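Below is work.cif, holding mmCIF, C-alpha atoms; chains and numbers go by the auth columns.
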```cif
data_entry
#
loop_
_atom_site.group_PDB
_atom_site.id
_atom_site.type_symbol
_atom_site.label_atom_id
_atom_site.label_comp_id
_atom_site.label_asym_id
_atom_site.label_seq_id
_atom_site.Cartn_x
_atom_site.Cartn_y
_atom_site.Cartn_z
_atom_site.B_iso_or_equiv
_atom_site.auth_seq_id
_atom_site.auth_asym_id
ATOM 1 C CA MET A 1 -34.015 -7.327 -50.382 0.00 1 A
ATOM 2 C CA LYS A 2 -30.808 -9.058 -51.406 0.00 2 A
ATOM 3 C CA TRP A 3 -30.689 -12.847 -51.594 0.00 3 A
ATOM 4 C CA ILE A 4 -27.546 -14.941 -52.014 0.00 4 A
ATOM 5 C CA THR A 5 -26.783 -18.491 -53.067 0.00 5 A
ATOM 6 C CA HIS A 6 -23.888 -20.493 -54.433 0.00 6 A
ATOM 7 C CA SER A 7 -22.568 -19.836 -57.911 0.00 7 A
ATOM 8 C CA HIS A 8 -22.974 -22.310 -60.790 0.00 8 A
ATOM 9 C CA VAL A 9 -26.653 -22.764 -60.016 0.00 9 A
ATOM 10 C CA ASP A 10 -28.504 -25.960 -60.765 0.00 10 A
ATOM 11 C CA ILE A 11 -32.233 -26.768 -60.829 0.00 11 A
ATOM 12 C CA ASP A 12 -32.987 -25.629 -57.282 0.00 12 A
ATOM 13 C CA GLY A 13 -30.636 -22.663 -57.669 0.00 13 A
ATOM 14 C CA VAL A 14 -32.714 -21.347 -60.573 0.00 14 A
ATOM 15 C CA ALA A 15 -36.164 -22.415 -59.398 0.00 15 A
ATOM 16 C CA CYS A 16 -35.695 -20.657 -56.048 0.00 16 A
ATOM 17 C CA PRO A 17 -34.818 -17.232 -57.478 0.00 17 A
ATOM 18 C CA TRP A 18 -37.828 -17.588 -59.794 0.00 18 A
ATOM 19 C CA LEU A 19 -40.096 -18.423 -56.837 0.00 19 A
ATOM 20 C CA ILE A 20 -38.638 -15.627 -54.726 0.00 20 A
ATOM 21 C CA LYS A 21 -38.974 -12.996 -57.460 0.00 21 A
ATOM 22 C CA ARG A 22 -42.445 -14.051 -58.604 0.00 22 A
ATOM 23 C CA PHE A 23 -44.130 -14.897 -55.286 0.00 23 A
ATOM 24 C CA ILE A 24 -42.085 -13.796 -52.261 0.00 24 A
ATOM 25 C CA ASP A 25 -40.079 -10.634 -52.987 0.00 25 A
ATOM 26 C CA SER A 26 -40.735 -8.878 -56.290 0.00 26 A
ATOM 27 C CA GLU A 27 -37.853 -6.474 -55.600 0.00 27 A
ATOM 28 C CA ALA A 28 -35.348 -9.273 -54.938 0.00 28 A
ATOM 29 C CA GLU A 29 -31.751 -8.854 -56.054 0.00 29 A
ATOM 30 C CA PHE A 30 -29.638 -11.994 -56.389 0.00 30 A
ATOM 31 C CA ILE A 31 -25.990 -12.463 -55.570 0.00 31 A
ATOM 32 C CA PHE A 32 -23.999 -15.563 -56.505 0.00 32 A
ATOM 33 C CA ALA A 33 -20.810 -16.477 -54.676 0.00 33 A
ATOM 34 C CA PRO A 34 -18.621 -19.553 -54.303 0.00 34 A
ATOM 35 C CA GLU A 35 -20.322 -21.785 -51.738 0.00 35 A
ATOM 36 C CA SER A 36 -17.413 -21.370 -49.331 0.00 36 A
ATOM 37 C CA ARG A 37 -17.977 -17.584 -49.308 0.00 37 A
ATOM 38 C CA VAL A 38 -21.790 -17.364 -49.275 0.00 38 A
ATOM 39 C CA HIS A 39 -22.068 -16.673 -45.540 0.00 39 A
ATOM 40 C CA GLU A 40 -19.263 -14.104 -45.570 0.00 40 A
ATOM 41 C CA VAL A 41 -20.808 -12.239 -48.512 0.00 41 A
ATOM 42 C CA SER A 42 -24.266 -12.599 -46.955 0.00 42 A
ATOM 43 C CA GLU A 43 -23.138 -10.753 -43.835 0.00 43 A
ATOM 44 C CA ARG A 44 -21.306 -8.055 -45.773 0.00 44 A
ATOM 45 C CA GLU A 45 -24.169 -7.446 -48.238 0.00 45 A
ATOM 46 C CA ILE A 46 -26.970 -7.998 -45.698 0.00 46 A
ATOM 47 C CA ALA A 47 -28.418 -10.681 -47.954 0.00 47 A
ATOM 48 C CA ILE A 48 -30.584 -13.686 -47.150 0.00 48 A
ATOM 49 C CA ALA A 49 -28.730 -16.916 -47.870 0.00 49 A
ATOM 50 C CA PHE A 50 -30.543 -19.823 -49.469 0.00 50 A
ATOM 51 C CA GLY A 51 -29.759 -23.112 -51.136 0.00 51 A
ATOM 52 C CA CYS A 52 -26.499 -23.908 -49.375 0.00 52 A
ATOM 53 C CA SER A 53 -25.327 -25.502 -46.158 0.00 53 A
ATOM 54 C CA GLY A 54 -26.153 -23.473 -43.064 0.00 54 A
ATOM 55 C CA ALA A 55 -28.521 -21.100 -44.886 0.00 55 A
ATOM 56 C CA PRO A 56 -31.902 -20.347 -43.309 0.00 56 A
ATOM 57 C CA TYR A 57 -33.573 -21.691 -46.442 0.00 57 A
ATOM 58 C CA SER A 58 -31.839 -24.830 -47.585 0.00 58 A
ATOM 59 C CA ARG A 59 -32.432 -28.449 -48.393 0.00 59 A
ATOM 60 C CA ARG A 60 -33.764 -30.520 -45.484 0.00 60 A
ATOM 61 C CA GLY A 61 -33.821 -34.286 -45.822 0.00 61 A
ATOM 62 C CA ASP A 62 -35.704 -35.137 -49.003 0.00 62 A
ATOM 63 C CA LEU A 63 -36.968 -31.589 -49.501 0.00 63 A
ATOM 64 C CA CYS A 64 -35.119 -29.228 -51.802 0.00 64 A
ATOM 65 C CA THR A 65 -34.865 -25.508 -51.061 0.00 65 A
ATOM 66 C CA PHE A 66 -37.805 -24.715 -53.361 0.00 66 A
ATOM 67 C CA SER A 67 -40.024 -26.960 -51.212 0.00 67 A
ATOM 68 C CA ILE A 68 -38.679 -25.348 -48.040 0.00 68 A
ATOM 69 C CA LEU A 69 -39.516 -21.872 -49.384 0.00 69 A
ATOM 70 C CA LEU A 70 -43.054 -23.002 -50.215 0.00 70 A
ATOM 71 C CA GLU A 71 -43.453 -24.173 -46.617 0.00 71 A
ATOM 72 C CA GLU A 72 -41.716 -21.306 -44.848 0.00 72 A
ATOM 73 C CA PHE A 73 -43.571 -18.588 -46.752 0.00 73 A
ATOM 74 C CA GLU A 74 -46.864 -20.484 -46.472 0.00 74 A
ATOM 75 C CA LEU A 75 -47.527 -20.365 -50.200 0.00 75 A
ATOM 76 C CA THR A 76 -50.752 -22.240 -50.879 0.00 76 A
ATOM 77 C CA ASP A 77 -51.113 -21.897 -54.657 0.00 77 A
ATOM 78 C CA LYS A 78 -51.860 -25.425 -55.918 0.00 78 A
ATOM 79 C CA ALA A 79 -49.983 -24.828 -59.172 0.00 79 A
ATOM 80 C CA LEU A 80 -46.886 -23.802 -57.224 0.00 80 A
ATOM 81 C CA HIS A 81 -47.116 -27.007 -55.229 0.00 81 A
ATOM 82 C CA ARG A 82 -47.462 -29.002 -58.457 0.00 82 A
ATOM 83 C CA LEU A 83 -44.346 -27.242 -59.744 0.00 83 A
ATOM 84 C CA GLY A 84 -42.697 -27.892 -56.394 0.00 84 A
ATOM 85 C CA ARG A 85 -43.190 -31.653 -56.811 0.00 85 A
ATOM 86 C CA ILE A 86 -41.457 -31.505 -60.194 0.00 86 A
ATOM 87 C CA VAL A 87 -38.587 -29.353 -58.905 0.00 87 A
ATOM 88 C CA ASN A 88 -38.147 -31.449 -55.774 0.00 88 A
ATOM 89 C CA ALA A 89 -38.015 -34.710 -57.741 0.00 89 A
ATOM 90 C CA ALA A 90 -35.471 -33.223 -60.162 0.00 90 A
ATOM 91 C CA ALA A 91 -33.339 -31.455 -57.534 0.00 91 A
ATOM 92 C CA THR A 92 -33.126 -34.506 -55.277 0.00 92 A
ATOM 93 C CA ASN A 93 -32.679 -37.022 -58.130 0.00 93 A
ATOM 94 C CA HIS A 94 -35.880 -38.854 -57.175 0.00 94 A
ATOM 95 C CA PHE A 95 -37.098 -39.057 -60.748 0.00 95 A
ATOM 96 C CA GLU A 96 -39.573 -41.785 -59.853 0.00 96 A
ATOM 97 C CA GLN A 97 -41.565 -39.180 -57.904 0.00 97 A
ATOM 98 C CA ASP A 98 -42.569 -37.183 -60.969 0.00 98 A
ATOM 99 C CA PRO A 99 -42.489 -38.021 -64.683 0.00 99 A
ATOM 100 C CA ILE A 100 -41.609 -34.423 -65.639 0.00 100 A
ATOM 101 C CA ALA A 101 -38.467 -34.335 -63.446 0.00 101 A
ATOM 102 C CA PRO A 102 -36.012 -35.978 -65.894 0.00 102 A
ATOM 103 C CA GLY A 103 -37.010 -33.518 -68.621 0.00 103 A
ATOM 104 C CA LEU A 104 -36.534 -30.546 -66.307 0.00 104 A
ATOM 105 C CA THR A 105 -33.126 -31.910 -65.337 0.00 105 A
ATOM 106 C CA ALA A 106 -32.054 -32.194 -68.984 0.00 106 A
ATOM 107 C CA ILE A 107 -33.331 -28.742 -69.911 0.00 107 A
ATOM 108 C CA ALA A 108 -31.762 -27.111 -66.837 0.00 108 A
ATOM 109 C CA ALA A 109 -28.412 -28.732 -67.617 0.00 109 A
ATOM 110 C CA GLY A 110 -28.634 -27.477 -71.193 0.00 110 A
ATOM 111 C CA PHE A 111 -29.267 -23.922 -70.031 0.00 111 A
ATOM 112 C CA GLY A 112 -26.313 -24.216 -67.652 0.00 112 A
ATOM 113 C CA PHE A 113 -24.044 -25.279 -70.521 0.00 113 A
ATOM 114 C CA ARG A 114 -25.297 -22.509 -72.803 0.00 114 A
ATOM 115 C CA PHE A 115 -25.234 -19.782 -70.173 0.00 115 A
ATOM 116 C CA PRO A 116 -22.502 -20.409 -67.570 0.00 116 A
ATOM 117 C CA ASP A 117 -22.976 -16.916 -66.116 0.00 117 A
ATOM 118 C CA ASP A 118 -25.507 -17.330 -63.289 0.00 118 A
ATOM 119 C CA GLU A 119 -27.354 -14.072 -63.880 0.00 119 A
ATOM 120 C CA GLU A 120 -27.732 -14.777 -67.587 0.00 120 A
ATOM 121 C CA ASN A 121 -28.741 -18.370 -66.854 0.00 121 A
ATOM 122 C CA ILE A 122 -31.548 -17.434 -64.469 0.00 122 A
ATOM 123 C CA ALA A 123 -32.749 -14.673 -66.799 0.00 123 A
ATOM 124 C CA TYR A 124 -33.271 -17.209 -69.567 0.00 124 A
ATOM 125 C CA GLN A 125 -34.644 -19.922 -67.306 0.00 125 A
ATOM 126 C CA PHE A 126 -37.228 -17.640 -65.697 0.00 126 A
ATOM 127 C CA ASN A 127 -39.118 -17.983 -69.000 0.00 127 A
ATOM 128 C CA LEU A 128 -38.953 -21.761 -68.643 0.00 128 A
ATOM 129 C CA TYR A 129 -40.369 -21.604 -65.112 0.00 129 A
ATOM 130 C CA ASP A 130 -43.052 -19.130 -66.173 0.00 130 A
ATOM 131 C CA ALA A 131 -44.113 -21.593 -68.872 0.00 131 A
ATOM 132 C CA LEU A 132 -43.930 -24.622 -66.574 0.00 132 A
ATOM 133 C CA TYR A 133 -45.938 -22.772 -63.917 0.00 133 A
ATOM 134 C CA SER A 134 -48.582 -21.927 -66.547 0.00 134 A
ATOM 135 C CA TRP A 135 -48.783 -25.610 -67.452 0.00 135 A
ATOM 136 C CA CYS A 136 -49.101 -26.492 -63.751 0.00 136 A
ATOM 137 C CA CYS A 137 -51.993 -24.018 -63.485 0.00 137 A
ATOM 138 C CA THR A 138 -53.862 -25.935 -66.190 0.00 138 A
ATOM 139 C CA GLN A 139 -53.090 -29.236 -64.473 0.00 139 A
ATOM 140 C CA VAL A 140 -54.520 -28.242 -61.118 0.00 140 A
ATOM 141 C CA ALA A 141 -57.511 -26.465 -62.709 0.00 141 A
ATOM 142 C CA THR A 142 -58.713 -29.722 -64.237 0.00 142 A
ATOM 143 C CA LYS A 143 -58.628 -31.620 -60.930 0.00 143 A
#
```
structure tokens encoding of this file:
Amino acid sequence: MKWITHSHVDIDGVACPWLIKRFIDSEAEFIFAPESRVHEVSEREIAIAFGCSGAPYSRRGDLCTFSILLEEFELTDKALHRLGRIVNAAATNHFEQDPIAPGLTAIAAGFGFRFPDDEENIAYQFNLYDALYSWCCTQVATK
């Protein structure tokens, strides 16, 4: 399936493709478009929009899109929910909610500066999320 979000992705815009590819749709293809054109391109490409205004999967209140995807797809993996707390705190700038969030924000910004092309950026950051997810697995295993 094709999935589409806004270009110049940020924390949520990278975490969501990682979550989609790893846990929701292993065959996912991602399209990035200017936010003002996401819905137009979504219709033309028959792609599921996420992470932008009016998309079926988008931020709601204090929940970032990553958190919405966890809910909507009924993902129950405790490590994913631990990761979700980090991503949500970083994506919504509620750093007081998780001590890891400021570090994720800094690292994500650095990747964005190094790799301004969205496809290249997510390719590199998938390794970061794989590693962070592995750490989250150890965290929930000890509780």
Set up a box along x, y and z of the file covering all listed atoms of range 78-96 of chain A, add 8 Å on every one of the six sides, and write the centre and edge lengths in Å to one decimal, as lines of an AutoDock Vina configuration file.
```
center_x = -42.3
center_y = -32.8
center_z = -58.0
size_x = 35.2
size_y = 34.0
size_z = 21.5
```
**Request:** Could you expand the PyMOL selection byres ((chain A and resi 102-109) around 10) into the explicit residues it covers here, written as a VMD selection string?
**Result:** chain A and resid 9 to 12 14 to 15 86 to 87 89 to 91 93 to 96 98 to 101 110 to 115 121 to 122 125 128 to 129 132
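CA of Lys2 in chain A to CA of Pro116 in chain A spans 21.4 Å [interatomic distance, one decimal].
Residue nearest Tyr57 in chain A, chosen from A:Asn127, A:Ser26, A:Thr142, A:Thr5 and counting all atoms listed in the file: A:Thr5.
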**Request:** Using CA of Glu35 in chain A and CA of His6 in chain A as the two end points, give the distance in Å to one decimal.
**Result:** 4.7 Å
**Among the residues A:Ala49, A:Leu19, A:Ile4, A:Leu69, the one that comes closest to Phe32 in chain A [using all atoms listed in the file]** = A:Ile4
